[in-house]
Each structure stands twice: as structure tokens, then as C-alpha cells.
>>> print(open('start.tsv').read())   # TSV, C-alpha atoms and all ligand atoms
chain	number	residue	atom	x	y	z
A	1422	MET	CA	-85.28	-8.72	14.05
A	1423	HIS	CA	-84.07	-7.57	17.51
A	1424	ASN	CA	-80.30	-7.85	17.80
A	1425	PRO	CA	-79.26	-8.07	21.49
A	1426	PHE	CA	-75.66	-7.27	20.53
A	1427	SER	CA	-76.59	-3.91	18.97
A	1428	LEU	CA	-75.65	-0.65	20.71
A	1429	GLU	CA	-78.12	1.48	18.69
A	1430	GLY	CA	-79.50	4.38	20.71
A	1431	LYS	CA	-76.93	4.02	23.52
A	1432	LYS	CA	-74.71	6.88	24.72
A	1433	ILE	CA	-71.28	5.58	25.78
A	1434	LEU	CA	-68.29	7.31	27.44
A	1435	VAL	CA	-64.87	5.81	26.63
A	1436	THR	CA	-61.80	7.02	28.55
A	1437	GLY	CA	-58.27	6.40	27.30
A	1438	ALA	CA	-59.77	6.66	23.81
A	1439	SER	CA	-56.75	8.45	22.37
A	1440	SER	CA	-54.67	5.25	22.14
A	1441	GLY	CA	-54.55	1.46	22.15
A	1442	ILE	CA	-57.48	-0.51	23.58
A	1443	GLY	CA	-59.60	2.58	24.27
A	1444	ALA	CA	-59.22	3.89	20.71
A	1445	GLN	CA	-60.19	0.53	19.18
A	1446	THR	CA	-63.05	0.12	21.65
A	1447	ALA	CA	-64.44	3.53	20.67
A	1448	ILE	CA	-64.31	2.56	16.98
A	1449	CYS	CA	-65.98	-0.85	17.53
A	1450	VAL	CA	-68.65	0.63	19.83
A	1451	SER	CA	-69.51	3.24	17.19
A	1452	GLN	CA	-69.70	0.50	14.53
A	1453	MET	CA	-72.39	-1.16	16.66
A	1454	GLY	CA	-74.49	2.00	16.54
A	1455	ALA	CA	-73.73	3.88	19.79
A	1456	THR	CA	-73.08	7.61	20.12
A	1457	LEU	CA	-69.82	8.28	21.92
A	1458	ILE	CA	-68.07	10.73	24.18
A	1459	ILE	CA	-64.38	9.94	23.89
A	1460	THR	CA	-61.77	11.35	26.22
A	1461	GLY	CA	-58.01	11.37	26.72
A	1462	ARG	CA	-55.22	13.89	27.23
A	1463	ASN	CA	-53.66	13.93	23.77
A	1464	GLU	CA	-55.90	16.23	21.69
A	1465	GLU	CA	-54.30	15.38	18.35
A	1466	ASN	CA	-54.74	11.62	18.83
A	1467	LEU	CA	-58.26	12.09	20.15
A	1468	LYS	CA	-59.22	14.08	17.03
A	1469	LYS	CA	-57.77	11.32	14.81
A	1470	ILE	CA	-59.94	8.72	16.58
A	1471	LEU	CA	-63.01	10.98	16.44
A	1472	LYS	CA	-62.66	11.02	12.63
A	1473	GLN	CA	-62.61	7.20	12.56
A	1474	LEU	CA	-65.89	6.80	14.46
A	1475	HIS	CA	-68.92	5.59	12.51
A	1476	GLY	CA	-72.14	7.58	12.58
A	1477	GLU	CA	-72.90	11.09	13.78
A	1478	GLY	CA	-73.08	13.08	17.01
A	1479	HIS	CA	-69.87	11.92	18.72
A	1480	GLN	CA	-67.89	14.26	20.98
A	1481	ALA	CA	-64.19	14.36	21.91
A	1482	ILE	CA	-63.28	15.97	25.23
A	1483	VAL	CA	-59.69	16.50	26.30
A	1484	ALA	CA	-59.30	15.77	30.02
A	1485	ASP	CA	-56.70	14.56	32.49
A	1486	LEU	CA	-58.48	12.13	34.83
A	1487	CYS	CA	-55.98	12.98	37.57
A	1488	ASP	CA	-56.89	16.66	37.37
A	1489	ASP	CA	-60.12	18.70	37.33
A	1490	ILE	CA	-62.71	16.48	35.63
A	1491	GLU	CA	-65.74	18.73	36.21
A	1492	PRO	CA	-65.71	20.10	32.59
A	1493	LEU	CA	-65.78	16.47	31.34
A	1494	ILE	CA	-68.58	15.55	33.77
A	1495	ASN	CA	-70.58	18.63	32.74
A	1496	SER	CA	-70.27	17.67	29.06
A	1497	CYS	CA	-71.71	14.21	29.69
A	1498	GLN	CA	-75.42	13.76	29.09
A	1499	LEU	CA	-77.22	10.69	30.43
A	1500	LEU	CA	-74.99	7.67	29.81
A	1501	ASP	CA	-75.95	4.09	28.96
A	1502	GLY	CA	-72.41	2.84	29.35
A	1503	ILE	CA	-68.85	3.67	30.36
A	1504	VAL	CA	-65.65	1.93	29.31
A	1505	ASN	CA	-62.67	3.02	31.38
A	1506	CYS	CA	-59.47	2.30	29.47
A	1507	ALA	CA	-57.26	5.12	30.81
A	1508	GLY	CA	-54.28	3.68	32.63
A	1509	ILE	CA	-50.52	3.46	32.84
A	1510	THR	CA	-48.09	0.72	33.79
A	1511	LYS	CA	-44.69	0.88	35.44
A	1512	HIS	CA	-42.17	-1.72	36.59
A	1513	LEU	CA	-40.94	-0.77	40.04
A	1514	PRO	CA	-39.40	-3.35	42.39
A	1515	ILE	CA	-40.50	-2.93	46.00
A	1516	LYS	CA	-37.12	-1.48	47.09
A	1517	PHE	CA	-37.58	1.41	44.62
A	1518	ILE	CA	-41.11	2.39	45.59
A	1519	ASP	CA	-41.73	5.81	47.11
A	1520	ARG	CA	-44.87	7.82	47.91
A	1521	LYS	CA	-44.63	9.71	44.60
A	1522	ALA	CA	-44.67	6.46	42.60
A	1523	ILE	CA	-47.61	5.10	44.61
A	1524	ASP	CA	-49.57	8.30	43.94
A	1525	GLN	CA	-48.67	8.33	40.25
A	1526	ILE	CA	-49.80	4.76	39.58
A	1527	PHE	CA	-52.86	4.74	41.84
A	1528	ASP	CA	-54.04	8.20	40.68
A	1529	ILE	CA	-54.79	7.13	37.12
A	1530	ASN	CA	-55.36	3.39	37.56
A	1531	TYR	CA	-57.66	3.68	40.59
A	1532	THR	CA	-58.50	7.12	42.02
A	1533	GLY	CA	-59.25	8.79	38.64
A	1534	PRO	CA	-61.84	6.26	37.44
A	1535	VAL	CA	-63.37	5.94	40.92
A	1536	ILE	CA	-63.91	9.71	41.20
A	1537	LEU	CA	-65.19	9.88	37.60
A	1538	ILE	CA	-67.83	7.22	38.23
A	1539	ASN	CA	-68.66	8.60	41.68
A	1540	ARG	CA	-69.34	12.08	40.19
A	1541	LEU	CA	-71.43	10.64	37.36
A	1542	PHE	CA	-73.54	8.65	39.84
A	1543	LYS	CA	-73.90	11.66	42.16
A	1544	LEU	CA	-75.14	13.85	39.31
A	1545	LYS	CA	-77.51	11.08	38.13
A	1546	LYS	CA	-75.83	10.90	34.75
A	1547	ILE	CA	-75.85	7.09	34.59
A	1548	ASN	CA	-79.09	5.63	33.23
A	1549	PRO	CA	-80.84	2.66	34.85
A	1550	GLY	CA	-79.81	-0.44	32.89
A	1551	ALA	CA	-76.38	1.05	32.06
A	1552	SER	CA	-73.23	-1.08	31.81
A	1553	ILE	CA	-69.84	-0.09	33.23
A	1554	VAL	CA	-66.71	-1.80	31.92
A	1555	LEU	CA	-63.38	-1.24	33.63
A	1556	LEU	CA	-60.13	-2.30	32.01
A	1557	SER	CA	-58.23	-4.29	34.60
A	1558	SER	CA	-55.40	-6.73	34.13
A	1559	LEU	CA	-54.44	-10.35	34.57
A	1560	ALA	CA	-51.82	-8.81	36.87
A	1561	SER	CA	-54.51	-8.14	39.49
A	1562	MET	CA	-54.73	-11.92	39.99
A	1563	PHE	CA	-51.19	-12.96	39.01
A	1564	PRO	CA	-48.74	-10.22	40.09
A	1565	PHE	CA	-45.36	-9.96	38.42
A	1566	LYS	CA	-41.97	-8.90	39.82
A	1567	GLY	CA	-41.84	-5.09	39.91
A	1568	GLY	CA	-45.60	-4.85	39.46
A	1569	THR	CA	-46.93	-4.48	42.98
A	1570	LEU	CA	-48.29	-0.95	42.40
A	1571	TYR	CA	-49.89	-1.70	39.04
A	1572	SER	CA	-51.30	-5.04	40.21
A	1573	GLY	CA	-52.51	-3.47	43.45
A	1574	ALA	CA	-54.30	-0.64	41.67
A	1575	LYS	CA	-55.95	-3.07	39.26
A	1576	ALA	CA	-56.96	-5.40	42.12
A	1577	ALA	CA	-58.59	-2.38	43.76
A	1578	ILE	CA	-60.47	-1.68	40.50
A	1579	ASP	CA	-61.69	-5.32	40.45
A	1580	ILE	CA	-63.24	-4.76	43.87
A	1581	PHE	CA	-64.62	-1.33	42.91
A	1582	SER	CA	-66.38	-2.96	39.97
A	1583	LYS	CA	-67.92	-5.70	42.13
A	1584	THR	CA	-69.07	-3.07	44.61
A	1585	ILE	CA	-70.78	-1.02	41.87
A	1586	ALA	CA	-72.51	-4.25	40.80
A	1587	ILE	CA	-73.97	-4.86	44.25
A	1588	GLU	CA	-74.74	-1.22	45.16
A	1589	PHE	CA	-76.58	-0.42	41.90
A	1590	SER	CA	-78.25	-3.72	41.01
A	1591	SER	CA	-81.67	-2.31	41.97
A	1592	GLN	CA	-81.30	0.05	38.99
A	1593	LYS	CA	-80.12	-2.87	36.81
A	1594	ILE	CA	-76.78	-1.08	36.39
A	1595	ARG	CA	-74.08	-3.65	35.72
A	1596	ALA	CA	-70.30	-3.46	36.22
A	1597	ASN	CA	-67.56	-5.83	35.09
A	1598	THR	CA	-63.81	-5.75	34.59
A	1599	VAL	CA	-61.86	-7.13	31.65
A	1600	ASN	CA	-58.65	-8.63	33.04
A	1601	ALA	CA	-56.39	-8.70	30.02
A	1602	GLY	CA	-53.07	-10.42	29.53
A	1603	MET	CA	-50.58	-8.85	27.12
A	1604	VAL	CA	-52.22	-6.88	24.29
A	1605	LYS	CA	-50.24	-5.22	21.51
A	1606	THR	CA	-50.55	-1.47	22.25
A	1607	PRO	CA	-48.25	1.49	22.99
A	1608	LEU	CA	-48.53	0.50	26.70
A	1609	LEU	CA	-46.82	-2.79	25.85
A	1610	ASN	CA	-44.08	-0.83	24.04
A	1611	SER	CA	-43.51	1.17	27.23
A	1612	ALA	CA	-43.10	-2.11	29.16
A	1613	GLU	CA	-40.37	-2.95	26.65
A	1614	GLU	CA	-38.38	0.00	28.04
A	1615	THR	CA	-37.73	-2.05	31.19
A	1616	ILE	CA	-38.08	-5.61	29.86
A	1617	SER	CA	-35.84	-6.77	27.02
A	1618	LYS	CA	-37.35	-7.63	23.62
A	1619	GLU	CA	-36.00	-11.18	24.02
A	1620	ALA	CA	-37.72	-11.62	27.40
A	1621	MET	CA	-40.94	-10.34	25.83
A	1622	GLN	CA	-40.65	-12.83	22.94
A	1623	THR	CA	-40.09	-15.68	25.39
A	1624	HIS	CA	-43.11	-14.52	27.39
A	1625	GLU	CA	-45.30	-14.46	24.26
A	1626	LYS	CA	-44.46	-18.13	23.62
A	1627	ALA	CA	-46.24	-18.96	26.92
A	1628	TYR	CA	-49.49	-17.61	25.43
A	1629	PRO	CA	-51.17	-20.48	23.53
A	1630	LEU	CA	-52.88	-17.92	21.25
A	1631	GLY	CA	-50.06	-15.34	21.38
A	1632	PHE	CA	-50.46	-11.76	22.64
A	1633	GLY	CA	-53.87	-10.16	22.10
A	1634	GLU	CA	-54.97	-7.53	19.59
A	1635	THR	CA	-56.91	-4.42	20.60
A	1636	THR	CA	-59.98	-5.71	18.70
A	1637	ASP	CA	-60.07	-8.80	20.96
A	1638	ILE	CA	-60.65	-6.58	23.99
A	1639	ALA	CA	-62.87	-4.10	22.11
A	1640	ASN	CA	-65.25	-6.90	21.08
A	1641	MET	CA	-65.59	-8.02	24.69
A	1642	CYS	CA	-66.37	-4.41	25.70
A	1643	VAL	CA	-69.06	-4.26	22.99
A	1644	PHE	CA	-70.60	-7.47	24.35
A	1645	LEU	CA	-70.50	-6.21	27.96
A	1646	LEU	CA	-72.12	-2.90	26.96
A	1647	SER	CA	-74.87	-4.66	25.03
A	1648	ASP	CA	-78.12	-6.15	26.30
A	1649	ALA	CA	-76.77	-9.59	25.28
A	1650	SER	CA	-74.80	-9.56	28.56
A	1651	ARG	CA	-77.75	-8.42	30.72
A	1652	TRP	CA	-77.19	-11.24	33.29
A	1653	ILE	CA	-73.44	-10.65	33.67
A	1654	THR	CA	-72.38	-8.35	36.49
A	1655	GLY	CA	-69.72	-8.22	39.21
A	1656	THR	CA	-67.34	-10.47	37.30
A	1657	ASN	CA	-63.65	-10.16	36.47
A	1658	ILE	CA	-63.38	-11.56	32.96
A	1659	VAL	CA	-59.99	-13.00	32.11
A	1660	MET	CA	-58.80	-12.61	28.51
A	1661	ASP	CA	-55.31	-14.02	28.15
A	1662	GLY	CA	-55.10	-16.18	25.03
A	1663	GLY	CA	-55.05	-19.28	27.23
A	1664	LEU	CA	-52.00	-18.25	29.33
A	1665	THR	CA	-53.52	-19.30	32.67
A	1666	ALA	CA	-55.44	-22.33	31.37
A	1667	GLY	CA	-52.60	-24.71	32.27
A	1668	THR	CA	-49.62	-26.30	30.62
A	1701	LIG	N1	-51.80	-3.42	26.67
A	1701	LIG	C1	-51.83	-4.38	27.56
A	1701	LIG	O1	-51.09	-5.39	27.46
A	1701	LIG	C2	-52.78	-4.32	28.72
A	1701	LIG	C3	-52.95	-5.47	29.50
A	1701	LIG	C4	-53.83	-5.45	30.58
A	1701	LIG	C5	-54.53	-4.29	30.87
A	1701	LIG	N2	-54.34	-3.18	30.12
A	1701	LIG	C6	-55.10	-1.99	30.51
A	1701	LIG	O2	-55.84	-1.52	29.41
A	1701	LIG	C7	-55.99	-0.11	29.50
A	1701	LIG	C8	-55.58	0.51	28.16
A	1701	LIG	O3	-54.20	0.22	27.95
A	1701	LIG	P1	-53.50	0.36	26.53
A	1701	LIG	O4	-52.60	-0.80	26.39
A	1701	LIG	O5	-54.49	0.66	25.48
A	1701	LIG	O6	-52.58	1.64	26.82
A	1701	LIG	P2	-52.20	2.93	25.95
A	1701	LIG	O7	-52.25	2.63	24.50
A	1701	LIG	O8	-50.95	3.43	26.55
A	1701	LIG	O9	-53.42	3.93	26.30
A	1701	LIG	C9	-53.58	4.44	27.58
A	1701	LIG	C10	-54.64	5.50	27.54
A	1701	LIG	O10	-54.77	6.03	28.85
A	1701	LIG	C11	-54.85	7.44	28.76
A	1701	LIG	N3	-54.35	8.08	29.97
A	1701	LIG	C12	-53.19	7.83	30.64
A	1701	LIG	N4	-53.07	8.68	31.67
A	1701	LIG	C13	-54.17	9.47	31.66
A	1701	LIG	C14	-54.65	10.54	32.47
A	1701	LIG	N5	-53.93	10.99	33.53
A	1701	LIG	N6	-55.82	11.11	32.18
A	1701	LIG	C15	-56.56	10.68	31.12
A	1701	LIG	N7	-56.17	9.69	30.30
A	1701	LIG	C16	-54.99	9.08	30.57
A	1701	LIG	C17	-53.96	7.78	27.59
A	1701	LIG	O11	-54.31	9.06	27.12
A	1701	LIG	P3	-53.23	10.08	26.43
A	1701	LIG	O12	-52.35	9.22	25.58
A	1701	LIG	O13	-54.13	10.96	25.64
A	1701	LIG	O14	-52.52	10.71	27.54
A	1701	LIG	C18	-54.31	6.67	26.61
A	1701	LIG	O15	-55.46	7.02	25.87
A	1701	LIG	C19	-55.14	0.34	30.68
A	1701	LIG	O16	-55.97	0.54	31.79
A	1701	LIG	C20	-54.21	-0.83	30.92
A	1701	LIG	O17	-53.81	-0.91	32.25
A	1701	LIG	C21	-53.50	-3.16	29.05
>>> encode(input="start.tsv", output="C-alpha cells")
Amino acid sequence: MHNPFSLEGKKILVTGASSGIGAQTAICVSQMGATLIITGRNEENLKKILKQLHGEGHQAIVADLCDDIEPLINSCQLLDGIVNCAGITKHLPIKFIDRKAIDQIFDINYTGPVILINRLFKLKKINPGASIVLLSSLASMFPFKGGTLYSGAKAAIDIFSKTIAIEFSSQKIRANTVNAGMVKTPLLNSAEETISKEAMQTHEKAYPLGFGETTDIANMCVFLLSDASRWITGTNIVMDGGLTAGT
């Protein structure tokens, strides 16, 4: 029986696959039958994730998305899907912003993925019917104090995704963002460097279903990569455990 949720026979690139959401997404995508190219900067972590992938034929490529990505692009064969999970967060109140901080946060959260996808399109490495999933954030819609750069970069990614959806619809290439609330990953731990543990615990109480797990996001990425979501494109999908549903 045909399973529209299957990823059998699909070639998928996952960035940020050396940690957190990207690592779990790579594992779940491989469990659904896809062949993966995983990328990140930390070679040791990337190798650990490569070993956890199901099936054969996967590749791990070490690359900094803010640097020369041509070796990564050259290693990519025709892709049926991309999940961009690479990203960083930083709390920086407006008074403390400088050009260096703007560059640092926008480089990886916006410019890096835009150039990556632009190069892949230019070299015709994205198959008709492919699905592109970009990890965005609830913060692109609901900014937080100290988060103007992160929220701004993610809002720009939301628009990039919608623009891919309209520019490439004739090839049935789809693009969507996943706008996640708090998910338990190392990125969340780094937020705890500037926000107290107590404040974080109080914040979690506002989530009717608590903070998310990496599998929650990974399963959505699997769905968006699969043919089961063939009519979904240009959307910003909120996943926040009910935080913004109301009180
Ligand atoms: N966790 C949350 O609560 C949350 C909420 C909303 C949205 N998000 C978004 O979800 C995505 C994944 O976050 P996460 O929580 O899984 O974070 P994470 O565990 O810190 O993972 C971030 C990933 O990004 C990669 N990365 C960072 N800078 C890079 C660069 N210059 N070049 C290539 N790769 C780079 C890291 O690779 P290396 O470690 O190998 O350097 C790592 O694999 C991010 O885009 C984040 O903004 C997360």
C-alpha cells in the first residue's frame, strides 16, 4: 500500500545536523527511508549522528555556512528536500547592538541559508517536487526583549520561505517554515546563560503542553518533506505547545 508519509527514495540535506533539532530530524528522516547529507561544523558530533542514521548511503560533510560553502554544494547530488536547522540565538538589548552583532546573528540565521539555497537552485540541484523546510521561531511573530536581531533574522527567513514558494511553484517545489516555541536543546541551554533558571521555569508554566522535545519538531519536518503535505506551501507553521492559543 502507498504510504504518503514515507520518504523512501528521497535525498535530503539537513543543516545543523550535529546538534539538537537538526540531529533528531536527520535521525527521524532516515527512519522514514530517505538518504541523507548531514552537515554542521562540529565533526565529532556529526560523525556520532551519522552512526545513528538508519539505512545506507548517508554522507556527513563538515561546513561552516558562514564561510565557503562550495565544497558542500559540490558534494550535493540532486535533492528532494532540505531542512535548514543551523542557527544561533543571542539576547542583546537594543542599546547593546553593534554592527558586529548584527552580522553575527544574520550571517547564520539568514544569509547562510539564503546563499545555500540560492546556490543549489542556480546549479539545478533541487528536484522538481522537492520540499524545503526552514527552522524559524515563534519569536519572528512574537519578539522578546533583547531578541530584535534573532527575531528579525527569523522574520526574514519566514519571508524568504514564502518567496521560494511563489517563485518555484511551477516546479511544484514547496517551502515552509516551522516556527517553534521553546524546545529542549543545547540552544535553550545557551539562552539560560542570560536568563535565570527560575525565569525559564516560570516561562515553561505558560506553555500548556510544556516545552517541546526535538522529536516534536523532527516529526513535523518529516511530514513537510513527505508527499502527504503536497498541498502545503508558503506557510509559517507555529509549534508552541499551545502558548499562543490564549489563556
Ligand atoms: N531550541 C529552541 O527552543 C528553538 C526554538 C525556535 C527555533 N529554533 C531554531 O531551531 C534551529 C535548531 O536549533 P537547536 O535548538 O537545535 O540548536 P543547537 O542544538 O544549538 O544546534 C544548532 C546547530 O546549528 C549549527 N550551526 C551553528 N552555526 C553554524 C554555522 N556557522 N555553520 C554551520 N552550522 C552552524 C550547529 O552546528 P555545530 O554545533 O556543528 O557548530 C548546530 O548543529 C535553529 O535555527 C534555531 O533558531 C530553536
>>> residues_near_ligand(input="start.tsv", ligand="ligand LIG 1701 (chain A)", cutoff="7 Å", atoms="all atoms listed in the file", output="MDAnalysis selection string")
chainID A and resid 1436:1443 1461:1464 1466:1467 1484:1487 1506:1510 1529:1530 1556:1559 1600:1609
>>> residues_around(input="start.tsv", residues="A:Cys1449", least_positions_apart="2", cutoff="8 Å", atoms="only C-alpha atoms", output="PyMOL selection string")
chain A and resi 1445-1447+1451-1453+1636+1639-1640+1643
>>> atom_distance(input="start.tsv", atom1="atom CA of A:Leu1471", atom2="atom CA of A:Ile1459")
7.6 Å
>>> closest_residue(input="start.tsv", among="A:Gly1502, A:Gly1533, A:Gly1454, A:Gly1478", to="A:Glu1429", atoms="all atoms listed in the file")
A:Gly1454
>>> residues_near_point(input="start.tsv", point="(-76.8, 9.3, 28.8)", cutoff="8 Å", atoms="all atoms listed in the file", output="tab-separated table (two decimals) with C-alpha atoms, keeping the file's coordinate frame")
chain	number	residue	atom	x	y	z
A	1431	LYS	CA	-76.93	4.02	23.52
A	1432	LYS	CA	-74.71	6.88	24.72
A	1433	ILE	CA	-71.28	5.58	25.78
A	1497	CYS	CA	-71.71	14.21	29.69
A	1498	GLN	CA	-75.42	13.76	29.09
A	1499	LEU	CA	-77.22	10.69	30.43
A	1500	LEU	CA	-74.99	7.67	29.81
A	1501	ASP	CA	-75.95	4.09	28.96
A	1502	GLY	CA	-72.41	2.84	29.35
A	1546	LYS	CA	-75.83	10.90	34.75
A	1547	ILE	CA	-75.85	7.09	34.59
A	1548	ASN	CA	-79.09	5.63	33.23
>>> atom_distance(input="start.tsv", atom1="atom CA of A:Gln1473", atom2="atom CA of A:Pro1492")
24.0 Å
>>> closest_residue(input="start.tsv", among="A:Leu1513, A:Ile1594, A:Ile1526, A:Leu1544", to="A:Lys1575", atoms="only C-alpha atoms")
A:Ile1526
>>> closest_residue(input="start.tsv", among="A:Arg1595, A:Gly1655, A:Ile1616, A:Lys1543", to="A:Lys1583", atoms="only C-alpha atoms")
A:Gly1655
>>> closest_residue(input="start.tsv", among="A:Ala1560, A:Ala1551, A:Val1483, A:Ala1577", to="A:Phe1527", atoms="only C-alpha atoms")
A:Ala1577
>>> atom_distance(input="start.tsv", atom1="atom CA of A:Ser1650", atom2="atom CA of A:Asn1505")
17.7 Å
